[in-house]
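Raw work-v7.cif, mmCIF, C-alpha atoms:
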data_start
loop_
_atom_site.label_atom_id
_atom_site.label_comp_id
_atom_site.auth_asym_id
_atom_site.auth_seq_id
_atom_site.Cartn_x
_atom_site.Cartn_y
_atom_site.Cartn_z
CA ILE X 22 -12.54 13.35 98.79
CA LEU X 23 -14.11 15.49 96.08
CA ASN X 24 -14.10 14.05 92.59
CA VAL X 25 -13.32 16.50 89.79
CA GLU X 26 -12.93 14.72 86.49
CA GLN X 27 -11.75 16.05 83.16
CA SER X 28 -12.12 14.37 79.82
CA PRO X 29 -10.46 13.57 77.61
CA GLN X 30 -7.09 13.44 79.35
CA SER X 31 -5.37 14.32 76.09
CA LEU X 32 -6.24 15.03 72.50
CA HIS X 33 -4.63 16.03 69.26
CA VAL X 34 -6.40 18.28 66.79
CA GLN X 35 -5.44 19.80 63.48
CA GLU X 36 -4.89 23.53 63.23
CA GLY X 37 -8.21 25.18 62.42
CA ASP X 38 -10.35 22.50 64.04
CA SER X 39 -12.69 23.40 66.87
CA THR X 40 -12.62 21.30 69.99
CA ASN X 41 -14.18 21.00 73.40
CA PHE X 42 -13.56 19.22 76.66
CA THR X 43 -15.44 18.55 79.83
CA CYS X 44 -15.02 19.14 83.55
CA SER X 45 -17.33 17.20 85.89
CA PHE X 46 -17.71 18.13 89.54
CA PRO X 47 -20.04 17.49 92.50
CA SER X 48 -23.36 19.27 92.07
CA SER X 49 -23.66 20.04 95.79
CA ASN X 50 -21.83 22.78 97.74
CA PHE X 51 -20.93 24.60 94.54
CA TYR X 52 -19.33 27.99 94.93
CA ALA X 53 -17.30 28.58 91.75
CA LEU X 54 -15.52 26.85 88.91
CA HIS X 55 -12.18 28.06 87.58
CA TRP X 56 -10.58 27.25 84.23
CA TYR X 57 -6.83 27.60 83.71
CA ARG X 58 -4.49 27.18 80.77
CA TRP X 59 -1.04 25.82 81.58
CA GLU X 60 1.58 25.96 78.88
CA THR X 61 4.77 23.96 79.29
CA ALA X 62 7.45 25.81 81.25
CA LYS X 63 5.04 28.61 82.17
CA SER X 64 2.71 29.40 85.06
CA PRO X 65 -0.96 28.41 85.00
CA GLU X 66 -2.99 31.28 83.54
CA ALA X 67 -6.54 32.01 84.67
CA LEU X 68 -9.09 31.84 81.86
CA PHE X 69 -12.49 32.05 83.56
CA VAL X 70 -14.14 32.13 86.96
CA MET X 71 -17.73 30.90 86.70
CA THR X 72 -20.28 31.12 89.47
CA LEU X 73 -23.84 31.01 88.16
CA ASN X 74 -25.73 28.12 86.63
CA GLY X 75 -26.01 28.79 82.91
CA ASP X 76 -22.98 31.10 82.89
CA GLU X 77 -21.27 31.48 79.56
CA LYS X 78 -17.92 33.22 79.32
CA LYS X 79 -15.78 34.04 76.32
CA LYS X 80 -12.23 35.20 75.78
CA GLY X 81 -11.23 35.42 72.14
CA ARG X 82 -11.66 32.01 70.57
CA ILE X 83 -12.13 30.28 73.92
CA SER X 84 -15.48 30.02 75.65
CA ALA X 85 -16.93 28.07 78.55
CA THR X 86 -20.35 27.09 79.82
CA LEU X 87 -21.49 26.01 83.27
CA ASN X 88 -24.23 23.68 84.50
CA THR X 89 -24.17 23.54 88.30
CA LYS X 90 -27.32 21.44 88.62
CA GLU X 91 -25.82 18.52 86.74
CA GLY X 92 -22.23 19.29 87.70
CA TYR X 93 -20.36 19.96 84.48
CA SER X 94 -18.62 22.67 82.52
CA TYR X 95 -17.53 22.67 78.90
CA LEU X 96 -14.55 24.54 77.48
CA TYR X 97 -14.64 25.26 73.75
CA ILE X 98 -11.83 26.37 71.48
CA LYS X 99 -12.85 27.62 68.06
CA GLY X 100 -10.37 27.35 65.19
CA SER X 101 -7.52 25.85 67.24
CA GLN X 102 -4.05 27.33 66.72
CA PRO X 103 -0.67 25.82 67.65
CA GLU X 104 -0.36 28.40 70.44
CA ASP X 105 -3.45 26.86 72.05
CA SER X 106 -1.37 23.76 72.83
CA ALA X 107 -1.41 23.49 76.62
CA THR X 108 -2.96 21.63 79.50
CA TYR X 109 -6.38 22.98 80.45
CA LEU X 110 -7.25 22.59 84.11
CA CYS X 111 -10.54 23.11 85.87
CA ALA X 112 -10.79 23.72 89.60
CA PHE X 113 -13.95 23.27 91.70
CA ASP X 114 -14.34 25.76 94.55
CA TYR X 115 -16.53 24.37 97.34
CA SER X 116 -15.37 26.50 100.21
CA GLY X 117 -17.58 29.51 99.96
CA GLY X 118 -14.92 31.88 98.82
CA TYR X 119 -11.68 30.89 100.45
CA GLN X 120 -10.43 29.43 97.20
CA LYS X 121 -10.08 25.99 98.72
CA VAL X 122 -10.28 24.40 95.36
CA THR X 123 -9.99 20.88 94.00
CA PHE X 124 -8.30 20.61 90.62
CA GLY X 125 -8.95 18.08 87.92
CA ILE X 126 -6.07 16.25 86.31
CA GLY X 127 -6.32 18.42 83.20
CA THR X 128 -6.83 17.95 79.46
CA LYS X 129 -3.63 18.11 77.46
CA LEU X 130 -4.30 19.63 74.05
CA GLN X 131 -1.86 19.38 71.16
CA VAL X 132 -2.67 21.39 68.05
CA ILE X 133 -0.90 20.05 64.98
CA PRO X 134 0.08 22.68 62.38
CA ASP B 18 4.20 44.95 86.68
CA ALA B 19 5.99 41.99 88.19
CA GLY B 20 4.00 38.81 88.43
CA VAL B 21 4.07 36.31 91.26
CA THR B 22 7.63 35.28 92.01
CA GLN B 23 8.84 32.17 93.79
CA SER B 24 12.22 31.12 95.06
CA PRO B 25 14.14 29.00 94.67
CA THR B 26 13.31 27.63 91.23
CA HIS B 27 14.72 24.21 91.95
CA LEU B 28 15.80 22.52 95.15
CA ILE B 29 17.25 19.15 96.07
CA LYS B 30 16.96 17.96 99.67
CA THR B 31 17.58 14.76 101.57
CA ARG B 32 14.95 12.81 103.51
CA GLY B 33 14.49 14.16 107.00
CA GLN B 34 15.63 17.68 106.16
CA HIS B 35 13.39 20.71 106.18
CA VAL B 36 12.76 23.21 103.43
CA THR B 37 11.45 26.78 103.13
CA LEU B 38 9.86 27.98 99.93
CA ARG B 39 9.14 31.64 99.32
CA CYS B 40 6.50 33.52 97.37
CA SER B 41 6.03 37.20 96.59
CA PRO B 42 2.53 38.12 95.40
CA ILE B 43 1.57 40.68 92.83
CA SER B 44 1.61 44.17 94.32
CA GLY B 45 -1.75 44.90 95.92
CA HIS B 46 -2.73 41.25 96.30
CA LYS B 47 -3.46 40.26 99.87
CA SER B 48 -4.23 36.59 99.42
CA VAL B 49 -1.66 33.87 98.83
CA SER B 50 -2.41 30.19 98.27
CA TRP B 51 -0.03 27.25 98.08
CA TYR B 52 -0.48 24.13 95.97
CA GLN B 53 1.45 20.90 95.51
CA GLN B 54 1.50 19.22 92.13
CA VAL B 55 2.91 15.74 91.72
CA LEU B 56 3.45 14.26 88.29
CA GLY B 57 0.26 13.11 86.62
CA GLN B 58 -2.11 14.88 89.01
CA GLY B 59 -3.72 18.27 89.26
CA PRO B 60 -2.45 20.76 91.84
CA GLN B 61 -3.57 20.02 95.41
CA PHE B 62 -4.48 22.84 97.75
CA ILE B 63 -2.24 23.18 100.79
CA PHE B 64 -2.94 26.57 102.40
CA GLN B 65 -4.53 29.92 101.83
CA TYR B 66 -3.52 33.05 103.70
CA TYR B 67 -5.38 36.33 103.60
CA GLU B 68 -4.38 39.41 105.53
CA LYS B 69 -1.73 37.35 107.32
CA GLU B 70 -4.23 34.86 108.68
CA GLU B 71 -4.70 31.25 107.63
CA ARG B 72 -8.06 31.00 105.85
CA GLY B 73 -7.92 27.48 104.52
CA ARG B 74 -5.93 24.29 104.91
CA GLY B 75 -5.92 21.20 102.72
CA ASN B 76 -5.37 17.59 103.73
CA PHE B 77 -1.68 17.79 104.45
CA PRO B 78 0.15 16.62 107.58
CA ASP B 79 1.37 18.99 110.27
CA ARG B 80 4.85 18.80 108.77
CA PHE B 81 3.56 21.45 106.37
CA SER B 82 3.21 24.97 107.72
CA ALA B 83 3.09 28.43 106.25
CA ARG B 84 2.91 32.06 107.18
CA GLN B 85 2.27 35.39 105.56
CA PHE B 86 4.25 38.50 106.33
CA PRO B 87 3.10 42.14 106.68
CA ASN B 88 4.15 42.78 103.08
CA TYR B 89 1.91 39.83 102.06
CA SER B 90 4.78 37.64 100.94
CA SER B 91 4.58 34.08 102.18
CA GLU B 92 6.70 31.12 103.17
CA LEU B 93 5.86 27.45 103.00
CA ASN B 94 7.81 25.23 105.37
CA VAL B 95 8.02 21.47 105.20
CA ASN B 96 9.73 19.52 107.99
CA ALA B 97 11.02 15.93 108.05
CA LEU B 98 10.95 15.63 104.28
CA LEU B 99 9.78 12.40 102.72
CA LEU B 100 10.43 11.10 99.23
CA GLY B 101 6.73 11.66 98.52
CA ASP B 102 7.13 15.38 99.09
CA SER B 103 8.97 15.62 95.75
CA ALA B 104 6.72 17.82 93.65
CA LEU B 105 6.20 21.19 92.03
CA TYR B 106 5.04 23.71 94.64
CA LEU B 107 2.94 26.51 93.21
CA CYS B 108 2.05 29.79 94.82
CA ALA B 109 -0.90 31.88 93.66
CA SER B 110 -1.98 35.35 94.67
CA SER B 111 -5.26 37.19 94.33
CA LEU B 112 -6.79 40.45 95.44
CA GLY B 113 -8.79 38.73 98.11
CA THR B 114 -10.88 35.74 98.91
CA GLY B 115 -13.95 34.90 96.91
CA THR B 116 -14.16 34.62 93.17
CA TYR B 117 -11.11 36.67 92.33
CA GLU B 118 -8.80 35.29 89.68
CA GLN B 119 -5.68 33.64 91.01
CA TYR B 120 -2.33 34.45 89.45
CA PHE B 121 0.24 31.69 89.69
CA GLY B 122 3.98 31.85 90.05
CA PRO B 123 6.35 29.62 88.11
CA GLY B 124 6.68 27.16 90.96
CA THR B 125 9.50 25.58 92.92
CA ARG B 126 10.55 22.10 91.88
CA LEU B 127 11.49 20.16 95.03
CA THR B 128 13.30 16.86 94.75
CA VAL B 129 13.78 14.77 97.87
CA THR B 130 16.41 12.04 97.68
#

Encoded form (structure tokens):
Amino acid sequence: ILNVEQSPQSLHVQEGDSTNFTCSFPSSNFYALHWYRWETAKSPEALFVMTLNGDEKKKGRISATLNTKEGYSYLYIKGSQPEDSATYLCAFDYSGGYQKVTFGIGTKLQVIP
Amino acid sequence: DAGVTQSPTHLIKTRGQHVTLRCSPISGHKSVSWYQQVLGQGPQFIFQYYEKEERGRGNFPDRFSARQFPNYSSELNVNALLLGDSALYLCASSLGTGTYEQYFGPGTRLTVT
């Protein structure tokens, strides 16, 4: 059983604050790491697909980094807005491309106006 | 463009019955994956189909089966339903296997009584 851990499980931040959370995964058999944002009553939305050690990706105020040697990825949100409130999931892909992924439990972010 | 669609939205079944869930991918997407999400956990991978062939299977019993049709839509079948099968079933499509982004449908909420 692969262990993909996310921390914290939940957090509350004030509007305008920057925040970050962590996804830890096995450092062996790495193929890709996916980040998703899942708003209540909506479908999970793909944020990033990361494949190379040292990768950094950015989409608007959200960015992510990847360290495959030590088995972690950070997701950063700069200047949090209420619309950023969602559960952020990471998924570890170990299958060499068949998207046989293991998801973490997610980090539930609540941005307080 | 239409996103990934799933039907039905909600379903209530009795133990021992079987159920068929349906998924239509985004036009042009040839890969469909199925996930089960129970409350408090991340989605768990069930199957991936690409070009109508099974390309990956998660740790689920043989009561779970799936298929993909020539138009790339997919069905997930679950026989001899158990209470523990109550969950949100998510379908995701992508252009292919590998590090393509997955696009999720809204899910089917299955309740087994």

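Closest to chain B among X:Trp59, X:Phe124, X:Tyr95, X:Phe46 is X:Phe124, based on only C-alpha atoms.
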
Output check: residues returned by the PyMOL selection byres ((chain B and resi 24-33) around 12), as an NGL selection string: (:X and (62)) or (:B and (21-23 or 34-42 or 80 or 90-93 or 95-108 or 122-130))

Exercise answer, chain X residues close to chain B, 10 Å and all atoms listed in the file, as a VMD selection string: chain X and resid 22 25 52 to 57 62 to 72 110 to 112 114 116 to 127

Writing out the chosen residues with C-alpha atoms as a PDB file, in the coordinates of the input:
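again02.pdb, written as the output of this step:
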ATOM      1  CA  ILE X  22     -12.540  13.350  98.790  1.00  0.00           C
ATOM      2  CA  VAL X  25     -13.320  16.500  89.790  1.00  0.00           C
ATOM      3  CA  TYR X  52     -19.330  27.990  94.930  1.00  0.00           C
ATOM      4  CA  ALA X  53     -17.300  28.580  91.750  1.00  0.00           C
ATOM      5  CA  LEU X  54     -15.520  26.850  88.910  1.00  0.00           C
ATOM      6  CA  HIS X  55     -12.180  28.060  87.580  1.00  0.00           C
ATOM      7  CA  TRP X  56     -10.580  27.250  84.230  1.00  0.00           C
ATOM      8  CA  TYR X  57      -6.830  27.600  83.710  1.00  0.00           C
ATOM      9  CA  ALA X  62       7.450  25.810  81.250  1.00  0.00           C
ATOM     10  CA  LYS X  63       5.040  28.610  82.170  1.00  0.00           C
ATOM     11  CA  SER X  64       2.710  29.400  85.060  1.00  0.00           C
ATOM     12  CA  PRO X  65      -0.960  28.410  85.000  1.00  0.00           C
ATOM     13  CA  GLU X  66      -2.990  31.280  83.540  1.00  0.00           C
ATOM     14  CA  ALA X  67      -6.540  32.010  84.670  1.00  0.00           C
ATOM     15  CA  LEU X  68      -9.090  31.840  81.860  1.00  0.00           C
ATOM     16  CA  PHE X  69     -12.490  32.050  83.560  1.00  0.00           C
ATOM     17  CA  VAL X  70     -14.140  32.130  86.960  1.00  0.00           C
ATOM     18  CA  MET X  71     -17.730  30.900  86.700  1.00  0.00           C
ATOM     19  CA  THR X  72     -20.280  31.120  89.470  1.00  0.00           C
ATOM     20  CA  LEU X 110      -7.250  22.590  84.110  1.00  0.00           C
ATOM     21  CA  CYS X 111     -10.540  23.110  85.870  1.00  0.00           C
ATOM     22  CA  ALA X 112     -10.790  23.720  89.600  1.00  0.00           C
ATOM     23  CA  ASP X 114     -14.340  25.760  94.550  1.00  0.00           C
ATOM     24  CA  SER X 116     -15.370  26.500 100.210  1.00  0.00           C
ATOM     25  CA  GLY X 117     -17.580  29.510  99.960  1.00  0.00           C
ATOM     26  CA  GLY X 118     -14.920  31.880  98.820  1.00  0.00           C
ATOM     27  CA  TYR X 119     -11.680  30.890 100.450  1.00  0.00           C
ATOM     28  CA  GLN X 120     -10.430  29.430  97.200  1.00  0.00           C
ATOM     29  CA  LYS X 121     -10.080  25.990  98.720  1.00  0.00           C
ATOM     30  CA  VAL X 122     -10.280  24.400  95.360  1.00  0.00           C
ATOM     31  CA  THR X 123      -9.990  20.880  94.000  1.00  0.00           C
ATOM     32  CA  PHE X 124      -8.300  20.610  90.620  1.00  0.00           C
ATOM     33  CA  GLY X 125      -8.950  18.080  87.920  1.00  0.00           C
ATOM     34  CA  ILE X 126      -6.070  16.250  86.310  1.00  0.00           C
ATOM     35  CA  GLY X 127      -6.320  18.420  83.200  1.00  0.00           C
TER      36      GLY X 127
END

For the provided coordinates, the residues matched by the PyMOL selection byres ((chain X and resi 98-108) around 8) should be stated as an MDAnalysis selection string. chainID X and resid 34:41 58:61 82:84 96:97 109:110 127:134

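Taking CA of Asn74 in chain X as the reference point, CA of Leu112 in chain B is found at 24.3 Å.
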
Nearest residue to Ser110 in chain B from the set B:Ala83, B:Glu71, B:Val55, B:Ser44 (distances using all atoms listed in the file): B:Ser44

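Our summary of the geometry notes that CA of Phe51 in chain X is positioned 8.8 Å from CA of Gly92 in chain X.
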
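Rounded to one decimal, CA of Ala19 in chain B and CA of Lys78 in chain X lie 27.0 Å from each other.
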
Which residues fall under the PyMOL selection byres ((chain X and resi 44) around 6) in this file, as number ranges by chain? X: 26-27, 43, 45, 93-94
